[in-house]
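Shown next: query_22.pdb, containing PDB, C-alpha atoms.
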ATOM      1  CA  MET A   1     123.092 114.318 101.934
ATOM      2  CA  LEU A   2     124.607 114.231  98.456
ATOM      3  CA  MET A   3     121.202 113.875  96.859
ATOM      4  CA  MET A   4     119.836 116.651  99.064
ATOM      5  CA  GLY A   5     122.713 118.843  97.857
ATOM      6  CA  LEU A   6     121.717 118.191  94.241
ATOM      7  CA  PHE A   7     118.126 119.196  94.926
ATOM      8  CA  VAL A   8     119.294 122.323  96.745
ATOM      9  CA  LEU A   9     121.410 123.184  93.676
ATOM     10  CA  MET A  10     118.272 122.694  91.586
ATOM     11  CA  LEU A  11     116.430 125.099  93.882
ATOM     12  CA  ILE A  12     119.259 127.636  93.471
ATOM     13  CA  THR A  13     118.988 127.262  89.674
ATOM     14  CA  TYR A  14     115.253 127.887  89.928
ATOM     15  CA  ILE A  15     115.781 131.017  92.040
ATOM     16  CA  LEU A  16     118.371 132.317  89.558
ATOM     17  CA  VAL A  17     115.879 131.836  86.709
ATOM     18  CA  ILE A  18     113.214 133.695  88.678
ATOM     19  CA  TYR A  19     115.648 136.558  89.317
ATOM     20  CA  ASN A  20     116.482 136.672  85.602
ATOM     21  CA  LYS A  21     120.101 135.501  85.725
ATOM     22  CA  PRO A  22     120.277 133.118  82.751
ATOM     23  CA  TYR A  23     124.039 132.528  82.615
ATOM     24  CA  ALA A  24     124.350 131.910  86.342
ATOM     25  CA  ALA A  25     121.332 129.599  86.211
ATOM     26  CA  ILE A  26     122.734 127.549  83.336
ATOM     27  CA  THR A  27     126.146 127.366  85.039
ATOM     28  CA  VAL A  28     124.674 126.115  88.318
ATOM     29  CA  GLY A  29     122.383 123.757  86.390
ATOM     30  CA  ILE A  30     125.273 122.244  84.476
ATOM     31  CA  ILE A  31     127.337 121.869  87.666
ATOM     32  CA  MET A  32     124.363 120.045  89.147
ATOM     33  CA  LEU A  33     124.141 117.742  86.119
ATOM     34  CA  ILE A  34     127.881 117.003  86.305
ATOM     35  CA  LEU A  35     127.582 116.132  90.005
ATOM     36  CA  SER A  36     124.566 113.945  89.210
ATOM     37  CA  ALA A  37     126.597 112.208  86.504
ATOM     38  CA  ILE A  38     129.433 111.578  88.998
ATOM     39  CA  MET A  39     126.925 110.120  91.432
ATOM     40  CA  PHE A  40     125.472 107.959  88.675
ATOM     41  CA  TYR A  41     128.952 106.833  87.631
ATOM     42  CA  HIS A  42     129.608 105.654  91.182
ATOM     43  CA  HIS A  43     126.329 103.777  91.035
ATOM     44  CA  ILE A  44     127.221 101.865  87.881
ATOM     45  CA  ASP A  45     130.755 101.406  89.138
ATOM     46  CA  ALA A  46     129.712 100.013  92.513
ATOM     47  CA  PRO A  47     129.568  96.283  91.692
ATOM     48  CA  LEU A  48     133.066  96.531  90.223
ATOM     49  CA  HIS A  49     134.396  98.081  93.430
ATOM     50  CA  ILE A  50     132.712  95.425  95.520
ATOM     51  CA  GLU A  51     134.116  92.638  93.364
ATOM     52  CA  LEU A  52     137.600  94.087  93.613
TER      53      LEU A  52
ATOM     54  CA  MET B  21     102.377 150.027  63.001
ATOM     55  CA  SER B  22     100.522 148.288  65.816
ATOM     56  CA  LYS B  23     102.139 147.653  69.170
ATOM     57  CA  SER B  24     102.142 143.874  68.650
ATOM     58  CA  ALA B  25     103.681 144.140  65.176
ATOM     59  CA  ALA B  26     106.393 146.432  66.548
ATOM     60  CA  ARG B  27     107.240 143.878  69.190
ATOM     61  CA  PHE B  28     107.360 140.908  66.852
ATOM     62  CA  PRO B  29     109.570 140.982  63.740
ATOM     63  CA  LYS B  30     107.808 139.679  60.632
ATOM     64  CA  GLY B  31     106.913 135.990  60.763
ATOM     65  CA  THR B  32     108.013 135.406  64.332
ATOM     66  CA  GLN B  33     104.836 135.871  66.359
ATOM     67  CA  PHE B  34     103.341 132.443  65.608
ATOM     68  CA  ARG B  35     106.624 130.653  66.284
ATOM     69  CA  TYR B  36     107.146 132.593  69.514
ATOM     70  CA  GLU B  37     103.655 131.901  70.846
ATOM     71  CA  PHE B  38     103.787 128.257  69.760
ATOM     72  CA  LEU B  39     107.141 127.648  71.466
ATOM     73  CA  LEU B  40     105.917 129.250  74.698
ATOM     74  CA  LEU B  41     102.739 127.172  74.585
ATOM     75  CA  VAL B  42     104.585 123.883  74.036
ATOM     76  CA  GLU B  43     107.058 124.687  76.834
ATOM     77  CA  THR B  44     104.166 125.406  79.194
ATOM     78  CA  ILE B  45     102.428 122.161  78.240
ATOM     79  CA  MET B  46     105.709 120.312  78.808
ATOM     80  CA  ILE B  47     105.980 121.748  82.332
ATOM     81  CA  PHE B  48     102.401 120.673  83.089
ATOM     82  CA  VAL B  49     103.147 117.155  81.807
ATOM     83  CA  ILE B  50     106.215 116.953  84.067
ATOM     84  CA  VAL B  51     104.163 118.189  87.041
ATOM     85  CA  GLY B  52     101.625 115.445  86.195
ATOM     86  CA  VAL B  53     104.432 112.872  86.249
ATOM     87  CA  PHE B  54     105.431 114.107  89.691
ATOM     88  CA  ALA B  55     101.829 113.988  90.901
ATOM     89  CA  GLY B  56     101.805 110.305  89.906
ATOM     90  CA  SER B  57     105.144 109.558  91.538
ATOM     91  CA  PHE B  58     104.166 111.355  94.767
ATOM     92  CA  HIS B  59     100.944 109.345  94.768
ATOM     93  CA  GLU B  60     102.966 106.148  94.452
ATOM     94  CA  GLU B  61     105.308 107.270  97.189
ATOM     95  CA  PHE B  62     102.898 108.525  99.825
ATOM     96  CA  PHE B  63      99.706 106.554  99.174
ATOM     97  CA  ARG B  64     101.137 103.221  98.040
ATOM     98  CA  GLN B  65     104.302 103.366 100.163
ATOM     99  CA  GLU B  66     106.702 102.962  97.257
ATOM    100  CA  ALA B  67     109.855 104.644  98.531
ATOM    101  CA  PRO B  68     112.015 105.964  95.660
ATOM    102  CA  CYS B  69     115.555 104.673  95.168
ATOM    103  CA  PRO B  70     118.629 106.871  94.417
ATOM    104  CA  LEU B  71     118.214 106.166  90.685
ATOM    105  CA  CYS B  72     114.584 107.276  90.928
ATOM    106  CA  TYR B  73     115.750 110.505  92.567
ATOM    107  CA  LEU B  74     118.238 111.071  89.751
ATOM    108  CA  GLN B  75     115.415 110.617  87.241
ATOM    109  CA  ARG B  76     113.279 113.052  89.222
ATOM    110  CA  LEU B  77     116.146 115.526  89.225
ATOM    111  CA  SER B  78     116.393 115.224  85.430
ATOM    112  CA  PHE B  79     112.656 115.838  85.051
ATOM    113  CA  ILE B  80     112.912 118.978  87.187
ATOM    114  CA  SER B  81     115.948 120.070  85.211
ATOM    115  CA  VAL B  82     113.982 119.739  81.951
ATOM    116  CA  ALA B  83     111.177 121.789  83.509
ATOM    117  CA  VAL B  84     113.626 124.488  84.661
ATOM    118  CA  GLY B  85     115.069 124.640  81.114
ATOM    119  CA  ALA B  86     111.538 125.161  79.786
ATOM    120  CA  MET B  87     110.954 127.735  82.498
ATOM    121  CA  MET B  88     114.013 129.691  81.313
ATOM    122  CA  ASN B  89     112.263 130.040  77.955
ATOM    123  CA  LEU B  90     109.105 131.255  79.643
ATOM    124  CA  ARG B  91     110.714 133.555  82.150
ATOM    125  CA  ILE B  92     113.780 134.983  80.382
ATOM    126  CA  SER B  93     113.501 134.599  76.607
ATOM    127  CA  ILE B  94     113.495 131.807  74.050
ATOM    128  CA  LYS B  95     117.141 130.877  73.504
ATOM    129  CA  ILE B  96     118.845 127.874  72.022
ATOM    130  CA  GLN B  97     120.927 127.434  75.198
ATOM    131  CA  HIS B  98     117.743 126.821  77.183
ATOM    132  CA  PHE B  99     116.686 124.083  74.769
ATOM    133  CA  ALA B 100     120.184 122.623  75.031
ATOM    134  CA  PHE B 101     119.914 122.539  78.825
ATOM    135  CA  SER B 102     116.569 120.721  78.630
ATOM    136  CA  VAL B 103     117.823 118.219  76.052
ATOM    137  CA  LEU B 104     120.981 117.524  78.070
ATOM    138  CA  SER B 105     118.902 116.899  81.190
ATOM    139  CA  ALA B 106     116.507 114.636  79.291
ATOM    140  CA  ILE B 107     119.397 112.616  77.833
ATOM    141  CA  PHE B 108     120.899 112.212  81.300
ATOM    142  CA  GLY B 109     117.517 111.115  82.663
ATOM    143  CA  GLN B 110     117.147 108.636  79.847
ATOM    144  CA  VAL B 111     120.582 107.144  80.559
ATOM    145  CA  VAL B 112     119.648 106.722  84.225
ATOM    146  CA  SER B 113     116.298 105.095  83.409
ATOM    147  CA  THR B 114     118.001 102.800  80.880
ATOM    148  CA  ARG B 115     120.361 101.687  83.620
ATOM    149  CA  GLN B 116     117.414 100.928  85.890
ATOM    150  CA  ILE B 117     115.554  99.050  83.147
ATOM    151  CA  LEU B 118     118.670  96.948  82.493
ATOM    152  CA  LEU B 119     118.996  96.171  86.216
ATOM    153  CA  HIS B 120     115.588  94.488  86.179
ATOM    154  CA  ILE B 121     115.396  93.232  82.609
ATOM    155  CA  CYS B 122     116.325  89.579  83.187
ATOM    156  CA  PRO B 123     113.383  87.150  83.438
ATOM    157  CA  GLY B 124     112.724  86.175  87.038
ATOM    158  CA  GLU B 125     114.447  89.301  88.335
ATOM    159  CA  PRO B 126     112.250  91.157  90.866
ATOM    160  CA  LYS B 127     110.869  94.416  89.507
ATOM    161  CA  PHE B 128     111.141  97.676  91.440
ATOM    162  CA  GLY B 129     107.717  99.004  92.402
ATOM    163  CA  ILE B 130     104.189  98.263  91.269
ATOM    164  CA  PRO B 131     103.635  98.410  87.477
ATOM    165  CA  ILE B 132     101.250 101.030  86.113
ATOM    166  CA  LEU B 133      99.415 100.048  82.902
ATOM    167  CA  GLY B 134     101.778  97.115  82.603
ATOM    168  CA  LEU B 135     104.996  99.138  82.777
ATOM    169  CA  ASN B 136     107.196 100.059  85.704
ATOM    170  CA  LEU B 137     107.779 103.672  86.630
ATOM    171  CA  TYR B 138     111.352 103.691  85.294
ATOM    172  CA  THR B 139     110.099 102.373  81.922
ATOM    173  CA  TRP B 140     107.518 105.156  81.853
ATOM    174  CA  ALA B 141     110.285 107.612  82.713
ATOM    175  CA  TYR B 142     112.310 106.328  79.745
ATOM    176  CA  ILE B 143     109.336 106.784  77.389
ATOM    177  CA  ILE B 144     108.584 110.279  78.708
ATOM    178  CA  PHE B 145     112.237 111.347  78.374
ATOM    179  CA  ALA B 146     112.195 110.088  74.771
ATOM    180  CA  CYS B 147     109.011 112.110  74.110
ATOM    181  CA  ILE B 148     110.601 115.193  75.708
ATOM    182  CA  ILE B 149     113.693 114.887  73.486
ATOM    183  CA  PHE B 150     111.464 114.453  70.428
ATOM    184  CA  ALA B 151     109.398 117.516  71.383
ATOM    185  CA  GLN B 152     112.541 119.591  71.941
ATOM    186  CA  ILE B 153     113.861 118.583  68.513
ATOM    187  CA  ILE B 154     110.574 119.625  66.896
ATOM    188  CA  MET B 155     110.800 122.949  68.745
ATOM    189  CA  LEU B 156     114.362 123.428  67.509
ATOM    190  CA  PHE B 157     113.049 122.997  63.952
ATOM    191  CA  ILE B 158     110.495 125.729  64.624
ATOM    192  CA  TYR B 159     112.996 127.988  66.407
ATOM    193  CA  ILE B 160     114.596 130.812  64.428
ATOM    194  CA  PRO B 161     117.259 133.151  65.897
ATOM    195  CA  GLU B 162     114.995 136.220  65.510
ATOM    196  CA  VAL B 163     112.698 134.748  68.168
ATOM    197  CA  SER B 164     115.401 135.119  70.807
ATOM    198  CA  HIS B 165     115.475 138.907  70.327
ATOM    199  CA  ILE B 166     111.842 139.327  71.304
ATOM    200  CA  PRO B 167     111.704 140.650  74.858
ATOM    201  CA  HIS B 168     109.413 138.584  77.022
ATOM    202  CA  LYS B 169     107.245 141.122  78.778
ATOM    203  CA  LYS B 170     104.759 139.684  81.208
ATOM    204  CA  MET B 171     104.005 136.059  81.924
ATOM    205  CA  ARG B 172     100.446 134.891  81.423
ATOM    206  CA  TRP B 173      98.603 133.309  84.319
ATOM    207  CA  TRP B 174      99.107 129.747  83.087
ATOM    208  CA  GLU B 175     102.826 130.367  82.658
ATOM    209  CA  THR B 176     103.008 131.763  86.192
ATOM    210  CA  LEU B 177     101.058 128.749  87.438
ATOM    211  CA  ALA B 178     103.533 126.408  85.706
ATOM    212  CA  THR B 179     106.428 128.259  87.370
ATOM    213  CA  VAL B 180     104.838 127.985  90.814
ATOM    214  CA  LEU B 181     104.126 124.286  90.285
ATOM    215  CA  VAL B 182     107.800 123.659  89.435
ATOM    216  CA  LEU B 183     108.767 125.313  92.745
ATOM    217  CA  LEU B 184     106.275 123.103  94.594
ATOM    218  CA  VAL B 185     107.707 120.017  92.881
ATOM    219  CA  ILE B 186     111.268 120.949  93.917
ATOM    220  CA  LEU B 187     110.205 121.622  97.513
ATOM    221  CA  GLY B 188     108.121 118.427  97.553
ATOM    222  CA  ASN B 189     111.155 116.409  96.505
ATOM    223  CA  ILE B 190     113.349 118.027  99.134
ATOM    224  CA  VAL B 191     110.745 117.177 101.808
ATOM    225  CA  SER B 192     110.380 113.626 100.464
ATOM    226  CA  LEU B 193     114.147 113.179 100.472
ATOM    227  CA  PHE B 194     114.349 114.527 104.012
ATOM    228  CA  ILE B 195     111.641 112.123 105.177
ATOM    229  CA  GLU B 196     113.355 109.156 103.560
ATOM    230  CA  CYS B 197     117.021 109.877 104.206
ATOM    231  CA  GLY B 198     117.141 112.755 106.705
ATOM    232  CA  MET B 199     120.437 114.579 106.407
ATOM    233  CA  GLY B 200     122.340 111.296 106.161
ATOM    234  CA  LEU B 201     122.818 108.736 103.411
ATOM    235  CA  CYS B 202     119.841 107.286 101.603
ATOM    236  CA  GLU B 203     119.124 103.679 102.592
ATOM    237  CA  ASP B 204     119.615 101.529  99.532
ATOM    238  CA  ASN B 205     121.426  98.408  98.445
ATOM    239  CA  PHE B 206     124.218 100.396  96.953
ATOM    240  CA  TRP B 207     125.144 103.380  99.095
ATOM    241  CA  PRO B 208     125.919 101.650 102.424
ATOM    242  CA  LYS B 209     128.013  99.013 100.637
ATOM    243  CA  PHE B 210     129.829 101.629  98.602
ATOM    244  CA  PHE B 211     130.798 103.727 101.590
ATOM    245  CA  GLN B 212     131.595 100.667 103.695
ATOM    246  CA  PHE B 213     134.026  99.525 101.042
ATOM    247  CA  HIS B 214     135.675 102.916 100.725
ATOM    248  CA  SER B 215     135.938 103.612 104.443
TER     249      SER B 215
END

Is it possible to express this structure as structure tokens?
Amino acid sequence: MLMMGLFVLMLITYILVIYNKPYAAITVGIIMLILSAIMFYHHIDAPLHIEL
Amino acid sequence: MSKSAARFPKGTQFRYEFLLLVETIMIFVIVGVFAGSFHEEFFRQEAPCPLCYLQRLSFISVAVGAMMNLRISIKIQHFAFSVLSAIFGQVVSTRQILLHICPGEPKFGIPILGLNLYTWAYIIFACIIFAQIIMLFIYIPEVSHIPHKKMRWWETLATVLVLLVILGNIVSLFIECGMGLCEDNFWPKFFQFHS
């Protein structure tokens, strides 16, 4: 679900580029990257949580 | 003054055309990478993991950054977006390489030309960053003032292929995970622990 949300955000970024909205596209794209980074952080953090 | 010369300030036409060409080639390379990964997924039954999806997302993000240059105009922010995405993708692939780096540790997926897909992803992200840096050397601010009129057919084709790649990934993700959590070693444990 979370991953699907990221891909849907990517699709929204694509649509914004097609409709010539550069600032909105970059904003959505960066939000998507931040969410991906949070997801990735949880991935690298997971063994620590399990050990705790 | 000719129409073309009026459109392009002095000394910018070559740079402009070159940057557009390299961005288009980059999109085609990324689409080729996806063709390979879809082949692995559907014909060799190699289901992607969450880290693989994050790498795929970074590849698409790089392609969308390149597409901004093709579709809107050549701006330094668009290069920045592509470089940021490529760096993120490289971090994710480094993590996956390190997960399987120990001798005797099982590798994820079937190697292609002696390297695993995540190692290839790392190399391709490095090449993308290198190419973007070269393009930033060629870029001059005057280029960003040139209005991009009409896309050529190969640029339009690249744009359509990026859309197909995004939709293909959404379908692949839906097949693998549905609307729920992706089955992997990590996610069920993580949510079990936090519930």

Just the residues within 7 Å of range 130-143 of chain B, please, counting all atoms listed in the file, with nothing from its chain fewer than 6 positions along; format it as a JSON list (two decimals) with C-alpha atoms, in the frame of the given file.
[["chain", "number", "residue", "atom", "x", "y", "z"],
["B", 110, "GLN", "CA", 117.15, 108.64, 79.85],
["B", 113, "SER", "CA", 116.30, 105.10, 83.41],
["B", 114, "THR", "CA", 118.00, 102.80, 80.88],
["B", 116, "GLN", "CA", 117.41, 100.93, 85.89],
["B", 117, "ILE", "CA", 115.55, 99.05, 83.15]]

Ranking B:Cys197, B:Leu77, B:Leu156, B:Leu118 by minimum distance to Met32 in chain A and counting only C-alpha atoms, which one comes first?
B:Leu77

Please return, as JSON, numbers by chain, all residues of chain A lying within 8 Å of chain B when all atoms listed in the file are considered.
{"A": [1, 2, 3, 4, 6, 7, 8, 10, 11, 13, 14, 17, 18, 20, 22, 26, 29, 30, 33, 36, 37, 40, 43, 46, 49, 50]}

Result set, the PyMOL selection byres ((chain B and resi 53) around 10) on current file, as a ChimeraX atom specification
/B:47-52,54-59,76,79,137,140-141,144

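Between CA of His42 in chain A and CA of Ile149 in chain B the interatomic distance comes to 25.5 Å.
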
Applied to the shown file, which residues does the PyMOL selection byres ((chain B and resi 67) around 10) return, written as a PyMOL selection string?
chain B and resi 57-58+60-62+64-66+68-70+72+129+192-193+196

To one decimal place in Å, what is the distance between CA of Leu39 in chain B and CA of Tyr19 in chain A?
21.7 Å

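CA of Ser164 in chain B is positioned 14.9 Å from CA of Tyr23 in chain A.
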
Neighbour list for Ile15 in chain A as a PDB file with C-alpha atoms, in the coordinates of the input, cut-off 10 Å, all atoms listed in the file, skip fewer than 6 positions in-chain:
ATOM      1  CA  LEU A   9     121.410 123.184  93.676  1.00  0.00           C
ATOM      2  CA  LYS A  21     120.101 135.501  85.725  1.00  0.00           C
ATOM      3  CA  ALA A  25     121.332 129.599  86.211  1.00  0.00           C
TER       4      ALA A  25
ATOM      5  CA  LEU B 183     108.767 125.313  92.745  1.00  0.00           C
TER       6      LEU B 183
END
